[in-house]
Amino acid sequence: MIQFDEGVCHDLASATSREWLETNGLGGFASSTIIGLNTRRYHALLAAATKPPVGRFVLLSKVEETLIIGDTRVDLSTNQYPDTIYPRGFEYQEAFRLDPFPVFSYRIGELLIEKSVFMFHGENTTVVQYRASQPCQLEVRPLIAFRDFHSTTHENTSIDGNVKFGPGLASITPYSGLPTLFLAHNSSEFELTSDWYRNFEYEEEKHRGLEFREDLYHPLTLTFDLSSKTPAAIIASTAQHSADDAPICEKYERSRRSKIIEAAPVQDDFVQSLALAADQFIAQRGSLKTIVAGYHWFGDWGRDTMIALPGLTLVTGLHDTARDILLTFAQHVDRGMLPNIFPDAGDTPEYNTVDANLWYFEAVRQYAEYSGDFDLIHEQLYSVLADIVDWHVRGTRYGIKVDPQDGLLHAGEAGVQLTWMDAKVGDWVVTPRIGKPVEIQALWYNALRTMEGFATKLGDNKRAVHYADLAARTHASFNQQFWYGLGQYLFDVVDGHGDASLRPNQVIATSLKYSMLSSERARLVLNKVEQQLLTPFGLRTLPANDSRYVGSYGGDPLRRDSAYHQGTVWPWLLGPFISGYVKTFGRNKETISKAQQWLAPLKDHLTQAGLGSISEIFCADTPHAPCGCIAQAWSVGEVMRVLTEDVHGIRPATATAKHALSALNPAKVVSR
């Protein structure tokens with residue numbers, strides 16, 4: 001349980017730097033700071049996914065709360081308006097905790113009031129409940145936005161403020177084409193209002209150089225009679241509920257989350273916390289599953305999904321979920337390419353990635369090792385994977401094609417960003433990496449050896465020989481062209497000449513199942529990265545002595561994208577770095593101890609920024625402030641994977657045995 005006392009809650013800077021997140025398995029979410037002050041346009045009590053996992057709209061932004069004790073009115077809300085904080089409800093807040101979902105505690109004299117917020121899994125539904133230690137009244141004023149979650153709303157005359165009422169239920173459909181918002185409640189009275197709250201300010205959006213002011217519509221006021229035996233309940237949803245459903249939903253959510261903790265691969269609080277965080281990224285896409293890349297603003301990206309999949313699903317024993325995800329993306333392979341992104345509007349996927357296609361092979365390989373389910377590969381995936389290889393050999397979009405001269409995989413053309421270093425501002429691609437990027441060759445070789453293994457197992461001997469020949473040629477050319485002798489590490493890109501930029505991409509060449517590097521060269525690479533790129537929260541994308549290095553990430557989109565891969569620290573890179581380190585130097589007391597030391601700051605980070613999760617990025621300069629998304633799938637997934645596999649030693653064979661034993665014996669099986 002993560003919790004903070006009044007010292008943190010009363011400190012605005014400290015309180016607003018900590019954000020909670022609830023998700024619903026559809027891509028929808030609820031989120032704010034620990035004092036309920038919305039600092040982002042993405043903060044909301046109900047951001048519904050209308051086309052799961054995308055099509056997200058902020059329906060209910062927040063609720064204003066006023067406690068009524070006799071003739072005294074006490075505002076519990078906190079908002080940022082131009083040049084002022086009003087009301088100042090945080091001054092009455094004595095605690096915040098995740099237990100397992102957000103609980104806010106306020107004290108006014110002898111009166112203690114607690115508010116809890118959680119989302120109900122599988123629905124665009126948020127439940128808000130209040131409990132008081134003694135009788136009082138609570139006035140709640142819902143404020144609605146009804147807009148795309150990337151935008152803001154402003155006072156307008158086109159809104160339909162008509163509120164429909166039934167017993168314990170109010171509903172409003174302010175704009176055609178958007179869902180109806182249902183508010184189930186057990187209030188003692190209500191009042192129609194139809195007015196606007198103007199000029200909310202979102203400080204984080206201001207810092208990001210984006211629109212940061214918003215007006216919110218107030219359609220009605222609900223008044224509740226509270227006591228220790230009579231909690232107040234509001235269920236905000238796109239479906240109809242009764243307030244009586246609140247305790248049922250709460251019981252279900254507590255049970256569901258307890259099972260996630262119990263099923264964690266190790267009896268370790270760090271692992272268990274990450275298991276809960278991992279659950280937040282799994283979402284529905286049609287009848288199958290996918291992975292939301294990050295909250296608040298990402299959808300499901302092919303690259304992020306395949307990198308995150310092992311840590312989010314396989315090490316946690318969610319093999320069926322992993323199977324669903326692999327099938328989801330198999331359905332959308334086109335010209336040998338996985339989608340880079342499914343747009344928020346739910347339209348045609350975008351195919352502008354080279355590495356997602358190759359990470360797919362690694363995800364399938366690990367799925368096979370963890371689950372033993374080769375039937376899936378034989379019956380549904382093998383032909384898809386073979387087709388991807390064929391397209392890469394003969395050529396597909398954006399110059400992605402095996403070079404017939406050396407067998408290495410070329411990718412890229414002017415104006416396009418294809419690798420994970422994909423920042424682009426207008427027509428400016430910040431890190432174009434056109435040619436033969438180092439991690440693409442490592443992934444290509446790994447894919448070919450994986451396919452050789454699959455083909456052999458399935459008796460497809462002709463293809464097995466073909467893949468082996470391609471792999472052997474790639475191996476020879478890679479070692480001839482990519483070693484930078486002067487620096488004793490790998491070139492980042494080869495395109496006629498070698499790009500000697502010291503970047504973290506080379507660690508992927510040390511970590512994959514099938515590696516082209518000798519042990520000696522792998523040691524040199526890892527030592528160089530440790531010396532110049534390793535930070536307490538991940539790997540820098542450039543060393544501090546590089547002239548292009550940007551130490552701080554922030555500001556408007558131009559400044560942010562300019563820094564995104566030019567020094568900025570990425571936690572997910574600890575995954576291949578640690579796996580490569582343990583693989584190269586051996587899994588022993590020394591390497592396990594080092595891995596634990598490298599991961600320890602991220603355990604502490606769970607109480608900062610996005611509570612219980614791991615941020616997308618950190619500033620390159622000390623103290624490495626967290627930034628970007630507050631919860632990122634591949635950050636959580638890769639830390640979860642190396643913590644389980646490399647630190648605790650639970651790998652596919654032991655994981656399969658552990659889950660088999662767990663099925664027979666309810667007692668927890670702990671790996672040694």
# chains A, B, ... in the order shown; residues from 1 in each chain; ligands from 1

call {"tool": "select_by_dssp", "arguments": {"residues": "region 71-273 of chain A", "states": "helix (DSSP H, G or I)", "output": "ChimeraX atom specification"}}
result
/A:89-92,203-207,245-262,269-273

call {"tool": "select_by_dssp", "arguments": {"residues": "region 134-338 of chain A", "states": "strand (DSSP E)", "output": "count of residues only"}}
result
69

call {"tool": "residues_around", "arguments": {"residues": "Gly89 (chain A)", "least_positions_apart": "5", "cutoff": "7 Å", "atoms": "only C-alpha atoms", "output": "PyMOL selection string"}}
result
chain A and resi 75-78

call {"tool": "closest_residue", "arguments": {"among": "A:Thr450, A:Thr644, A:Thr126, A:Thr66", "to": "Pro87 (chain A)", "atoms": "only C-alpha atoms"}}
result
A:Thr66

call {"tool": "closest_residue", "arguments": {"among": "A:Leu524, A:Ile35, A:Thr72, A:Gly27", "to": "Asp11 (chain A)", "atoms": "only C-alpha atoms"}}
result
A:Ile35

call {"tool": "residues_around", "arguments": {"residues": "Arg18 (chain A)", "least_positions_apart": "5", "cutoff": "10 Å", "atoms": "only C-alpha atoms", "output": "PDB file with N, CA and C atoms, in the first residue's frame"}}
result
ATOM      1  N   VAL A   8       2.794  15.661   3.062  1.00  0.00           N
ATOM      2  CA  VAL A   8       2.854  15.627   1.603  1.00  0.00           C
ATOM      3  C   VAL A   8       1.606  16.257   1.009  1.00  0.00           C
ATOM      4  N   CYS A   9       0.441  15.925   1.569  1.00  0.00           N
ATOM      5  CA  CYS A   9      -0.826  16.431   1.019  1.00  0.00           C
ATOM      6  C   CYS A   9      -0.927  17.953   1.104  1.00  0.00           C
ATOM      7  N   ALA A  13       3.408  21.421  -4.269  1.00  0.00           N
ATOM      8  CA  ALA A  13       4.360  20.921  -5.257  1.00  0.00           C
ATOM      9  C   ALA A  13       4.541  19.418  -5.122  1.00  0.00           C
ATOM     10  N   SER A  32      -5.899  11.566 -11.502  1.00  0.00           N
ATOM     11  CA  SER A  32      -5.673  12.934 -11.038  1.00  0.00           C
ATOM     12  C   SER A  32      -4.465  12.926 -10.118  1.00  0.00           C
ATOM     13  N   THR A  33      -4.275  14.007  -9.385  1.00  0.00           N
ATOM     14  CA  THR A  33      -3.220  14.061  -8.378  1.00  0.00           C
ATOM     15  C   THR A  33      -3.780  13.564  -7.051  1.00  0.00           C
ATOM     16  N   ILE A  34      -2.909  13.409  -6.052  1.00  0.00           N
ATOM     17  CA  ILE A  34      -3.362  12.846  -4.776  1.00  0.00           C
ATOM     18  C   ILE A  34      -4.223  13.816  -3.978  1.00  0.00           C
ATOM     19  N   ILE A  35      -4.323  15.078  -4.420  1.00  0.00           N
ATOM     20  CA  ILE A  35      -5.236  16.017  -3.759  1.00  0.00           C
ATOM     21  C   ILE A  35      -6.414  16.372  -4.665  1.00  0.00           C
ATOM     22  N   LEU A 606       8.194   4.046  -7.491  1.00  0.00           N
ATOM     23  CA  LEU A 606       6.778   3.681  -7.457  1.00  0.00           C
ATOM     24  C   LEU A 606       5.961   4.609  -6.567  1.00  0.00           C
ATOM     25  N   THR A 607       6.611   5.347  -5.673  1.00  0.00           N
ATOM     26  CA  THR A 607       5.897   6.295  -4.803  1.00  0.00           C
ATOM     27  C   THR A 607       5.999   7.724  -5.327  1.00  0.00           C
ATOM     28  N   GLN A 608       6.485   7.875  -6.555  1.00  0.00           N
ATOM     29  CA  GLN A 608       6.622   9.192  -7.166  1.00  0.00           C
ATOM     30  C   GLN A 608       5.880   9.192  -8.490  1.00  0.00           C
ATOM     31  N   ALA A 609       5.658  10.349  -9.052  1.00  0.00           N
ATOM     32  CA  ALA A 609       5.055  10.477 -10.393  1.00  0.00           C
ATOM     33  C   ALA A 609       3.778   9.644 -10.480  1.00  0.00           C
ATOM     34  N   GLY A 610       3.727   8.648 -11.387  1.00  0.00           N
ATOM     35  CA  GLY A 610       2.555   7.788 -11.495  1.00  0.00           C
ATOM     36  C   GLY A 610       2.625   6.703 -10.441  1.00  0.00           C
ATOM     37  N   LEU A 611       1.839   6.813  -9.395  1.00  0.00           N
ATOM     38  CA  LEU A 611       1.968   5.939  -8.229  1.00  0.00           C
ATOM     39  C   LEU A 611       1.750   4.476  -8.603  1.00  0.00           C
ATOM     40  N   ILE A 630       3.145   8.992 -17.240  1.00  0.00           N
ATOM     41  CA  ILE A 630       3.350   8.588 -15.846  1.00  0.00           C
ATOM     42  C   ILE A 630       3.364   7.074 -15.678  1.00  0.00           C
TER      43      ILE A 630
END

call {"tool": "residues_around", "arguments": {"residues": "Cys136 (chain A)", "least_positions_apart": "2", "cutoff": "12 Å", "atoms": "only C-alpha atoms", "output": "number ranges by chain"}}
result
A: 66-74, 108, 110-113, 130-134, 138-139, 223-232

call {"tool": "write_last_selection", "arguments": {"atoms": "N, CA and C atoms", "output": "compact mmCIF listing (two decimals), in the first residue's frame"}}
result
# COMPACT_ATOMS: atom_id res chain seq x y z
N THR A 66 -18.57 19.85 -1.30
CA THR A 66 -18.70 20.77 -0.16
C THR A 66 -19.36 20.02 0.99
N LEU A 67 -18.68 20.01 2.11
CA LEU A 67 -19.20 19.38 3.32
C LEU A 67 -20.06 20.38 4.08
N ILE A 68 -21.22 19.95 4.53
CA ILE A 68 -22.13 20.83 5.26
C ILE A 68 -22.30 20.28 6.67
N ILE A 69 -21.80 21.04 7.66
CA ILE A 69 -21.90 20.66 9.07
C ILE A 69 -22.65 21.77 9.78
N GLY A 70 -23.94 21.54 10.03
CA GLY A 70 -24.78 22.60 10.59
C GLY A 70 -24.88 23.74 9.61
N ASP A 71 -24.46 24.94 10.04
CA ASP A 71 -24.48 26.11 9.16
C ASP A 71 -23.14 26.35 8.47
N THR A 72 -22.20 25.44 8.69
CA THR A 72 -20.85 25.62 8.14
C THR A 72 -20.67 24.83 6.85
N ARG A 73 -20.09 25.49 5.85
CA ARG A 73 -19.78 24.84 4.58
C ARG A 73 -18.26 24.77 4.43
N VAL A 74 -17.77 23.58 4.14
CA VAL A 74 -16.33 23.37 3.98
C VAL A 74 -16.08 22.73 2.62
N ILE A 108 -12.05 17.47 9.53
CA ILE A 108 -12.56 18.78 9.93
C ILE A 108 -13.00 18.65 11.38
N GLU A 110 -13.55 16.99 14.62
CA GLU A 110 -13.65 15.58 14.99
C GLU A 110 -14.17 14.72 13.84
N LEU A 111 -14.56 15.36 12.76
CA LEU A 111 -15.15 14.63 11.65
C LEU A 111 -14.08 14.14 10.68
N LEU A 112 -14.13 12.85 10.37
CA LEU A 112 -13.26 12.25 9.36
C LEU A 112 -14.13 11.80 8.20
N ILE A 113 -13.75 12.21 7.00
CA ILE A 113 -14.48 11.78 5.81
C ILE A 113 -13.49 11.16 4.83
N TYR A 130 -18.18 7.91 -0.54
CA TYR A 130 -17.80 8.76 0.60
C TYR A 130 -18.31 8.12 1.88
N ARG A 131 -17.49 8.15 2.90
CA ARG A 131 -17.88 7.66 4.22
C ARG A 131 -17.48 8.69 5.26
N ALA A 132 -18.34 8.93 6.23
CA ALA A 132 -18.08 9.93 7.27
C ALA A 132 -18.15 9.28 8.64
N SER A 133 -17.36 9.79 9.58
CA SER A 133 -17.32 9.22 10.92
C SER A 133 -18.51 9.63 11.77
N GLN A 134 -19.23 10.68 11.36
CA GLN A 134 -20.41 11.14 12.08
C GLN A 134 -21.36 11.82 11.09
N LEU A 138 -23.23 16.17 2.44
CA LEU A 138 -22.21 16.39 1.43
C LEU A 138 -22.88 16.81 0.13
N GLU A 139 -22.43 17.95 -0.39
CA GLU A 139 -22.95 18.47 -1.65
C GLU A 139 -21.92 18.16 -2.75
N THR A 223 -27.06 16.16 -3.22
CA THR A 223 -26.80 16.33 -1.79
C THR A 223 -27.05 15.00 -1.08
N PHE A 224 -26.06 14.57 -0.29
CA PHE A 224 -26.11 13.28 0.39
C PHE A 224 -26.15 13.47 1.90
N ASP A 225 -26.86 12.58 2.57
CA ASP A 225 -26.82 12.48 4.03
C ASP A 225 -25.82 11.40 4.39
N LEU A 226 -24.75 11.80 5.05
CA LEU A 226 -23.67 10.86 5.37
C LEU A 226 -23.64 10.50 6.84
N SER A 227 -23.23 9.27 7.10
CA SER A 227 -22.89 8.84 8.45
C SER A 227 -21.98 7.63 8.32
N SER A 228 -21.51 7.10 9.43
CA SER A 228 -20.62 5.95 9.37
C SER A 228 -21.31 4.73 8.79
N LYS A 229 -22.66 4.69 8.89
CA LYS A 229 -23.41 3.55 8.39
C LYS A 229 -24.03 3.80 7.02
N THR A 230 -23.98 5.05 6.56
CA THR A 230 -24.62 5.39 5.29
C THR A 230 -23.62 6.07 4.37
N PRO A 231 -22.87 5.30 3.60
CA PRO A 231 -21.94 5.93 2.65
C PRO A 231 -22.70 6.50 1.47
N ALA A 232 -22.11 7.50 0.86
CA ALA A 232 -22.66 8.06 -0.37
C ALA A 232 -21.98 7.38 -1.55

call {"tool": "residues_around", "arguments": {"residues": "region 464-466 of chain A", "least_positions_apart": "6", "cutoff": "8 Å", "atoms": "only C-alpha atoms", "output": "ChimeraX atom specification"}}
result
/A:451-456

call {"tool": "residues_around", "arguments": {"residues": "Ile592 (chain A)", "least_positions_apart": "6", "cutoff": "12 Å", "atoms": "only C-alpha atoms", "output": "list in words"}}
result
Ile578, Ser579, Tyr581, Val582, Lys583, Phe585, Gly586, Trp598, Leu599, Val642, Leu643, Thr644, Glu645, Asp646, Val647, His648 and Gly649 of chain A

call {"tool": "write_last_selection", "arguments": {"atoms": "C-alpha atoms", "output": "mmCIF file, in the first residue's frame"}}
result
data_model
loop_
_atom_site.group_PDB
_atom_site.id
_atom_site.type_symbol
_atom_site.label_atom_id
_atom_site.label_comp_id
_atom_site.auth_asym_id
_atom_site.auth_seq_id
_atom_site.Cartn_x
_atom_site.Cartn_y
_atom_site.Cartn_z
ATOM 1 C CA ILE A 578 20.576 -6.261 -17.445
ATOM 2 C CA SER A 579 19.703 -9.357 -19.479
ATOM 3 C CA TYR A 581 24.912 -8.288 -18.533
ATOM 4 C CA VAL A 582 23.713 -11.434 -16.799
ATOM 5 C CA LYS A 583 23.993 -13.457 -20.008
ATOM 6 C CA PHE A 585 29.031 -12.201 -17.232
ATOM 7 C CA GLY A 586 27.027 -15.145 -15.908
ATOM 8 C CA TRP A 598 20.377 -0.945 -10.734
ATOM 9 C CA LEU A 599 16.667 -1.671 -10.211
ATOM 10 C CA VAL A 642 14.436 -8.846 -15.705
ATOM 11 C CA LEU A 643 13.412 -8.752 -12.052
ATOM 12 C CA THR A 644 11.704 -12.120 -12.492
ATOM 13 C CA GLU A 645 14.059 -13.828 -14.929
ATOM 14 C CA ASP A 646 17.489 -12.380 -14.164
ATOM 15 C CA VAL A 647 17.261 -11.461 -10.482
ATOM 16 C CA HIS A 648 14.958 -14.209 -9.168
ATOM 17 C CA GLY A 649 15.977 -16.759 -11.777
#

call {"tool": "closest_atom_pairs", "arguments": {"of": "region 239-312 of chain A", "to": "region 349-353 of chain A", "cutoff": "10 Å", "atoms": "only C-alpha atoms", "output": "tab-separated table"}}
result
residue	atom	partner	partner_atom	distance
A:Trp301	CA	A:Glu350	CA	9.6
A:Gly302	CA	A:Thr353	CA	8.4
A:Arg303	CA	A:Thr353	CA	7.7

call {"tool": "write_last_selection", "arguments": {"atoms": "N, CA and C atoms", "output": "JSON list (two decimals), in the first residue's frame"}}
result
[["chain", "number", "residue", "atom", "x", "y", "z"],
["A", 301, "TRP", "N", 0.57, 0.46, -29.50],
["A", 301, "TRP", "CA", 1.62, 0.56, -30.51],
["A", 301, "TRP", "C", 2.26, -0.82, -30.69],
["A", 302, "GLY", "N", 2.53, -1.19, -31.96],
["A", 302, "GLY", "CA", 3.09, -2.50, -32.23],
["A", 302, "GLY", "C", 4.43, -2.73, -31.55],
["A", 303, "ARG", "N", 5.33, -1.80, -31.69],
["A", 303, "ARG", "CA", 6.66, -1.93, -31.11],
["A", 303, "ARG", "C", 6.58, -2.07, -29.59]]

call {"tool": "closest_residue", "arguments": {"among": "A:Tyr42, A:Arg335, A:Asp268, A:Thr221", "to": "Tyr202 (chain A)", "atoms": "only C-alpha atoms"}}
result
A:Tyr42

call {"tool": "closest_residue", "arguments": {"among": "A:Val438, A:Ala544, A:Gly299, A:Asn505", "to": "Gln531 (chain A)", "atoms": "only C-alpha atoms"}}
result
A:Ala544

call {"tool": "atom_distance", "arguments": {"atom1": "CA of Ser255 (chain A)", "atom2": "CA of Ile282 (chain A)"}}
result
17.8 Å
